[in-house]
Amino acid sequence: MIGTLDSIWRHPVKGFTPESLLEARLTAGEYFPFDRLYAVEDGPCGFDPAAPVHISKQKFTVLAKIPAVAAIRTAFDDATSTLTAQVGSVPPIVVDLGDEAGRTSFAAWLGQVLGDEVQGPLKVLPAPGRHRFMDHPQGYVSIINLNSVRDLEAKLGRPVDPRRFRANLYVDGWPAWAENRSMAGSVRLGEVEARLFKPIVRCLATHVDPDTAQADIEITKALFDNYGHTLCGVYVSVTKGGRIALADPVALALDEADAPSA
């Protein structure tokens, strides 16, 4: 099955604004570059940078528990570690997330913006070494099949913004739900080769409209009611690194012994 790479995204701060890219360079065995590089702890979560382990998303300021986070627009400059954040009429802030003082300033600004929405205190955590603040510890790169989203739209009778699923790569042209047929398969995109790792179980974050910051569609319920599962998208692990770019062909190869399913 051949599709086309429709869009490329990274999420430098977990839960905050996704940033579109024209291209990216992926490395074998590594996470998507600059993705979930920081997270904002909402009250002490026990994260130890000297021995980093996966922490539940519920310990952070994420859409799954604080939809208002979607209203905060952020932009990250990876060359300087500079984050710009703004929302409504609140004076924007520009900080260096590579510096402890900058992280403290962003946490204080964010606490004022979110107010009673957070449990607090807030603290910006930088990912040490190869660690990333992913929803799954081996969720290296995430892919959404746009035709699967369109099929869900048709079932619901209303638009579903694919950005709700906060993936790295969005592919157009695969048959709807082809990505769920088997995890015994591989993906080739641009110069990159990857193996399928696992389907992505969706959470309450998908209920939030990325533009309005309102929880307005029960996506998880819609998935279960229409397909009997709460899956949308897949995680892949890169086996051969290289450059990817918009409009690259994306080939999905599955174990032929597996029968199609939604």
# chains A, B, ... in the order shown; residues from 1 in each chain; ligands from 1
$ closest_atom_pairs --of "region 18-128 of chain A" --to "region 208-212 of chain A" --cutoff "10 Å" --atoms "only C-alpha atoms" --output "JSON lines"
{"residue": "A:Pro18", "atom": "CA", "partner": "A:Pro210", "partner_atom": "CA", "distance": 9.5}
{"residue": "A:Leu63", "atom": "CA", "partner": "A:Val208", "partner_atom": "CA", "distance": 6.9}
{"residue": "A:Ala64", "atom": "CA", "partner": "A:Val208", "partner_atom": "CA", "distance": 8.1}
{"residue": "A:Ile66", "atom": "CA", "partner": "A:Val208", "partner_atom": "CA", "distance": 9.4}
{"residue": "A:Pro67", "atom": "CA", "partner": "A:Val208", "partner_atom": "CA", "distance": 6.1}
{"residue": "A:Ala68", "atom": "CA", "partner": "A:Thr212", "partner_atom": "CA", "distance": 8.9}
{"residue": "A:Val69", "atom": "CA", "partner": "A:Pro210", "partner_atom": "CA", "distance": 9.4}
{"residue": "A:Ala70", "atom": "CA", "partner": "A:Pro210", "partner_atom": "CA", "distance": 5.7}
{"residue": "A:Ala71", "atom": "CA", "partner": "A:Thr212", "partner_atom": "CA", "distance": 6.8}
{"residue": "A:Ile72", "atom": "CA", "partner": "A:Asp211", "partner_atom": "CA", "distance": 9.9}
{"residue": "A:Arg73", "atom": "CA", "partner": "A:Asp211", "partner_atom": "CA", "distance": 9.9}
$ write_last_selection --atoms "N, CA and C atoms" --output "JSON list (two decimals), in the first residue's frame"
[["chain", "number", "residue", "atom", "x", "y", "z"],
["A", 18, "PRO", "N", 1.54, 21.85, 18.53],
["A", 18, "PRO", "CA", 2.32, 21.11, 17.53],
["A", 18, "PRO", "C", 2.89, 22.07, 16.50],
["A", 63, "LEU", "N", -3.63, 18.03, 27.54],
["A", 63, "LEU", "CA", -5.02, 18.24, 27.14],
["A", 63, "LEU", "C", -5.96, 17.22, 27.75],
["A", 64, "ALA", "N", -5.45, 16.03, 28.05],
["A", 64, "ALA", "CA", -6.31, 14.98, 28.59],
["A", 64, "ALA", "C", -6.96, 15.39, 29.91],
["A", 66, "ILE", "N", -6.43, 19.02, 31.12],
["A", 66, "ILE", "CA", -6.59, 20.48, 31.14],
["A", 66, "ILE", "C", -6.77, 20.96, 29.70],
["A", 67, "PRO", "N", -8.00, 20.92, 29.17],
["A", 67, "PRO", "CA", -8.23, 21.35, 27.78],
["A", 67, "PRO", "C", -7.74, 22.76, 27.49],
["A", 68, "ALA", "N", -7.73, 23.65, 28.50],
["A", 68, "ALA", "CA", -7.32, 25.05, 28.30],
["A", 68, "ALA", "C", -5.89, 25.17, 27.79],
["A", 69, "VAL", "N", -5.09, 24.13, 27.95],
["A", 69, "VAL", "CA", -3.71, 24.17, 27.47],
["A", 69, "VAL", "C", -3.68, 24.40, 25.96],
["A", 70, "ALA", "N", -4.70, 23.91, 25.24],
["A", 70, "ALA", "CA", -4.73, 24.05, 23.78],
["A", 70, "ALA", "C", -4.82, 25.50, 23.34],
["A", 71, "ALA", "N", -5.30, 26.39, 24.23],
["A", 71, "ALA", "CA", -5.43, 27.80, 23.86],
["A", 71, "ALA", "C", -4.10, 28.55, 23.91],
["A", 72, "ILE", "N", -3.11, 27.94, 24.55],
["A", 72, "ILE", "CA", -1.78, 28.57, 24.68],
["A", 72, "ILE", "C", -0.96, 28.23, 23.44],
["A", 73, "ARG", "N", -0.55, 29.25, 22.71],
["A", 73, "ARG", "CA", 0.23, 29.04, 21.49],
["A", 73, "ARG", "C", 1.72, 29.14, 21.82]]
$ closest_atom_pairs --of "region 121-147 of chain A" --to "region 166-189 of chain A" --cutoff "10 Å" --atoms "only C-alpha atoms" --output "tab-separated table"
residue	atom	partner	partner_atom	distance
A:Tyr140	CA	A:Asn168	CA	9.6
A:Val141	CA	A:Asn168	CA	6.3
A:Ser142	CA	A:Ala167	CA	5.1
A:Ile143	CA	A:Leu169	CA	4.7
A:Ile144	CA	A:Tyr170	CA	4.8
A:Asn145	CA	A:Val171	CA	5.1
A:Leu146	CA	A:Asp172	CA	5.4
A:Asn147	CA	A:Ala176	CA	4.7
$ write_last_selection --atoms "N, CA and C atoms" --output "PDB file, in the first residue's frame"
ATOM      1  N   TYR A 140       8.282   5.803  19.642  1.00  0.00           N
ATOM      2  CA  TYR A 140       9.355   6.568  19.015  1.00  0.00           C
ATOM      3  C   TYR A 140       8.845   7.568  17.981  1.00  0.00           C
ATOM      4  N   VAL A 141       8.027   7.096  17.049  1.00  0.00           N
ATOM      5  CA  VAL A 141       7.467   7.956  16.000  1.00  0.00           C
ATOM      6  C   VAL A 141       6.018   7.521  15.799  1.00  0.00           C
ATOM      7  N   SER A 142       5.113   8.498  15.710  1.00  0.00           N
ATOM      8  CA  SER A 142       3.690   8.167  15.569  1.00  0.00           C
ATOM      9  C   SER A 142       3.180   8.564  14.189  1.00  0.00           C
ATOM     10  N   ILE A 143       2.279   7.727  13.660  1.00  0.00           N
ATOM     11  CA  ILE A 143       1.718   7.931  12.324  1.00  0.00           C
ATOM     12  C   ILE A 143       0.191   7.850  12.388  1.00  0.00           C
ATOM     13  N   ILE A 144      -0.480   8.788  11.715  1.00  0.00           N
ATOM     14  CA  ILE A 144      -1.930   8.771  11.566  1.00  0.00           C
ATOM     15  C   ILE A 144      -2.271   8.592  10.091  1.00  0.00           C
ATOM     16  N   ASN A 145      -3.209   7.693   9.826  1.00  0.00           N
ATOM     17  CA  ASN A 145      -3.739   7.469   8.485  1.00  0.00           C
ATOM     18  C   ASN A 145      -4.926   8.416   8.300  1.00  0.00           C
ATOM     19  N   LEU A 146      -4.810   9.382   7.417  1.00  0.00           N
ATOM     20  CA  LEU A 146      -5.874  10.371   7.235  1.00  0.00           C
ATOM     21  C   LEU A 146      -7.177   9.752   6.752  1.00  0.00           C
ATOM     22  N   ASN A 147      -7.107   8.671   6.005  1.00  0.00           N
ATOM     23  CA  ASN A 147      -8.347   8.035   5.561  1.00  0.00           C
ATOM     24  C   ASN A 147      -9.092   7.371   6.718  1.00  0.00           C
TER      25      ASN A 147
END
$ select_by_dssp --residues "region 70-201 of chain A" --states "alpha helix (DSSP H)" --output "number ranges by chain"
A: 100-114, 146-156
$ write_last_selection --atoms "N, CA and C atoms" --output "short mmCIF file (atom, residue, chain, number, x, y, z; two decimals), in the first residue's frame"
data_model
loop_
_atom_site.label_atom_id
_atom_site.label_comp_id
_atom_site.auth_asym_id
_atom_site.auth_seq_id
_atom_site.Cartn_x
_atom_site.Cartn_y
_atom_site.Cartn_z
N GLU A 100 17.69 26.89 33.60
CA GLU A 100 16.77 26.66 34.71
C GLU A 100 15.93 27.89 35.02
N ALA A 101 16.54 29.07 34.93
CA ALA A 101 15.79 30.30 35.19
C ALA A 101 14.68 30.49 34.17
N GLY A 102 14.95 30.15 32.91
CA GLY A 102 13.94 30.26 31.87
C GLY A 102 12.79 29.29 32.11
N ARG A 103 13.12 28.08 32.53
CA ARG A 103 12.08 27.09 32.81
C ARG A 103 11.23 27.53 34.00
N THR A 104 11.86 28.10 35.00
CA THR A 104 11.12 28.58 36.17
C THR A 104 10.19 29.73 35.77
N SER A 105 10.65 30.60 34.90
CA SER A 105 9.83 31.73 34.46
C SER A 105 8.61 31.24 33.68
N PHE A 106 8.81 30.25 32.81
CA PHE A 106 7.68 29.72 32.04
C PHE A 106 6.67 29.05 32.96
N ALA A 107 7.15 28.31 33.95
CA ALA A 107 6.24 27.64 34.89
C ALA A 107 5.41 28.66 35.66
N ALA A 108 6.04 29.77 36.06
CA ALA A 108 5.31 30.81 36.80
C ALA A 108 4.27 31.48 35.91
N TRP A 109 4.64 31.77 34.67
CA TRP A 109 3.70 32.38 33.71
C TRP A 109 2.53 31.44 33.46
N LEU A 110 2.85 30.18 33.28
CA LEU A 110 1.82 29.19 33.00
C LEU A 110 0.86 29.03 34.19
N GLY A 111 1.41 29.08 35.39
CA GLY A 111 0.57 28.98 36.57
C GLY A 111 -0.43 30.11 36.66
N GLN A 112 0.00 31.31 36.26
CA GLN A 112 -0.92 32.46 36.27
C GLN A 112 -2.00 32.30 35.21
N VAL A 113 -1.62 31.78 34.04
CA VAL A 113 -2.56 31.61 32.93
C VAL A 113 -3.61 30.56 33.25
N LEU A 114 -3.19 29.43 33.80
CA LEU A 114 -4.10 28.31 34.02
C LEU A 114 -4.83 28.38 35.36
N LEU A 146 -4.81 9.38 7.42
CA LEU A 146 -5.87 10.37 7.24
C LEU A 146 -7.18 9.75 6.75
N ASN A 147 -7.11 8.67 6.01
CA ASN A 147 -8.35 8.04 5.56
C ASN A 147 -9.09 7.37 6.72
N SER A 148 -8.37 6.96 7.74
CA SER A 148 -9.04 6.44 8.93
C SER A 148 -9.79 7.55 9.64
N VAL A 149 -9.18 8.73 9.72
CA VAL A 149 -9.84 9.88 10.34
C VAL A 149 -11.08 10.26 9.52
N ARG A 150 -10.96 10.23 8.19
CA ARG A 150 -12.10 10.56 7.33
C ARG A 150 -13.24 9.56 7.51
N ASP A 151 -12.89 8.29 7.71
CA ASP A 151 -13.91 7.28 7.93
C ASP A 151 -14.65 7.56 9.24
N LEU A 152 -13.90 7.96 10.26
CA LEU A 152 -14.52 8.34 11.53
C LEU A 152 -15.41 9.57 11.35
N GLU A 153 -14.94 10.54 10.57
CA GLU A 153 -15.76 11.72 10.27
C GLU A 153 -17.10 11.31 9.65
N ALA A 154 -17.04 10.39 8.71
CA ALA A 154 -18.27 9.96 8.04
C ALA A 154 -19.23 9.29 9.02
N LYS A 155 -18.67 8.52 9.96
CA LYS A 155 -19.51 7.88 10.96
C LYS A 155 -20.16 8.91 11.87
N LEU A 156 -19.42 9.96 12.21
CA LEU A 156 -19.91 10.98 13.12
C LEU A 156 -20.79 12.02 12.43
#
$ residues_around --residues "Lys59 (chain A)" --least-positions-apart "4" --cutoff "9 Å" --atoms "only C-alpha atoms" --output "VMD selection string"
chain A and resid 40 to 45 55
$ residues_around --residues "Phe197 (chain A)" --least-positions-apart "3" --cutoff "7 Å" --atoms "only C-alpha atoms" --output "PDB file with N, CA and C atoms, in the first residue's frame"
ATOM      1  N   MET A 183       0.450  -5.835  13.290  1.00  0.00           N
ATOM      2  CA  MET A 183       1.660  -5.164  13.748  1.00  0.00           C
ATOM      3  C   MET A 183       2.896  -5.893  13.223  1.00  0.00           C
ATOM      4  N   TYR A 235       2.418   3.450  16.368  1.00  0.00           N
ATOM      5  CA  TYR A 235       3.801   3.808  16.669  1.00  0.00           C
ATOM      6  C   TYR A 235       4.712   2.953  15.789  1.00  0.00           C
ATOM      7  N   VAL A 236       5.797   3.547  15.311  1.00  0.00           N
ATOM      8  CA  VAL A 236       6.797   2.795  14.569  1.00  0.00           C
ATOM      9  C   VAL A 236       8.168   3.048  15.178  1.00  0.00           C
ATOM     10  N   SER A 237       9.057   2.115  14.959  1.00  0.00           N
ATOM     11  CA  SER A 237      10.447   2.237  15.403  1.00  0.00           C
ATOM     12  C   SER A 237      11.341   2.283  14.172  1.00  0.00           C
TER      13      SER A 237
END
$ atom_distance --atom1 "CA of Thr17 (chain A)" --atom2 "CA of His131 (chain A)"
20.1 Å
$ residues_around --residues "Leu231 (chain A)" --least-positions-apart "5" --cutoff "7 Å" --atoms "only C-alpha atoms" --output "ChimeraX atom specification"
/A:199-202
$ atom_distance --atom1 "CA of Thr4 (chain A)" --atom2 "CA of Pro249 (chain A)"
4.6 Å
$ closest_residue --among "A:Gly242, A:Gly190, A:Pro162, A:Gly228" --to "Leu5 (chain A)" --atoms "only C-alpha atoms"
A:Gly190
$ closest_residue --among "A:Lys65, A:Val95, A:Phe224, A:Phe133" --to "His207 (chain A)" --atoms "only C-alpha atoms"
A:Lys65
$ closest_residue --among "A:Ala253, A:His229, A:Arg130, A:Glu117" --to "Glu193 (chain A)" --atoms "only C-alpha atoms"
A:Ala253
$ closest_residue --among "A:Leu204, A:Ile2, A:Ala50, A:Val13" --to "Thr84 (chain A)" --atoms "only C-alpha atoms"
A:Val13
$ closest_residue --among "A:Phe16, A:Phe32, A:Phe76, A:Trp9" --to "Val238 (chain A)" --atoms "only C-alpha atoms"
A:Phe32
$ closest_residue --among "A:Asp225, A:Asp248, A:Asp255, A:Glu19" --to "Asp6 (chain A)" --atoms "only C-alpha atoms"
A:Asp248
$ atom_distance --atom1 "CA of Asp96 (chain A)" --atom2 "CA of Asp48 (chain A)"
21.6 Å
$ select_by_dssp --residues "region 11-259 of chain A" --states "strand (DSSP E or B)" --output "PyMOL selection string"
chain A and resi 13+19-21+23-26+38-42+60+73-77+82-87+90-96+122-126+141-145+169-172+185-189+192-201+208+215+231-240+242-245+249-254
$ residues_around --residues "Arg243 (chain A)" --least-positions-apart "5" --cutoff "10 Å" --atoms "only C-alpha atoms" --output "VMD selection string"
chain A and resid 23 to 27 189 to 192 248
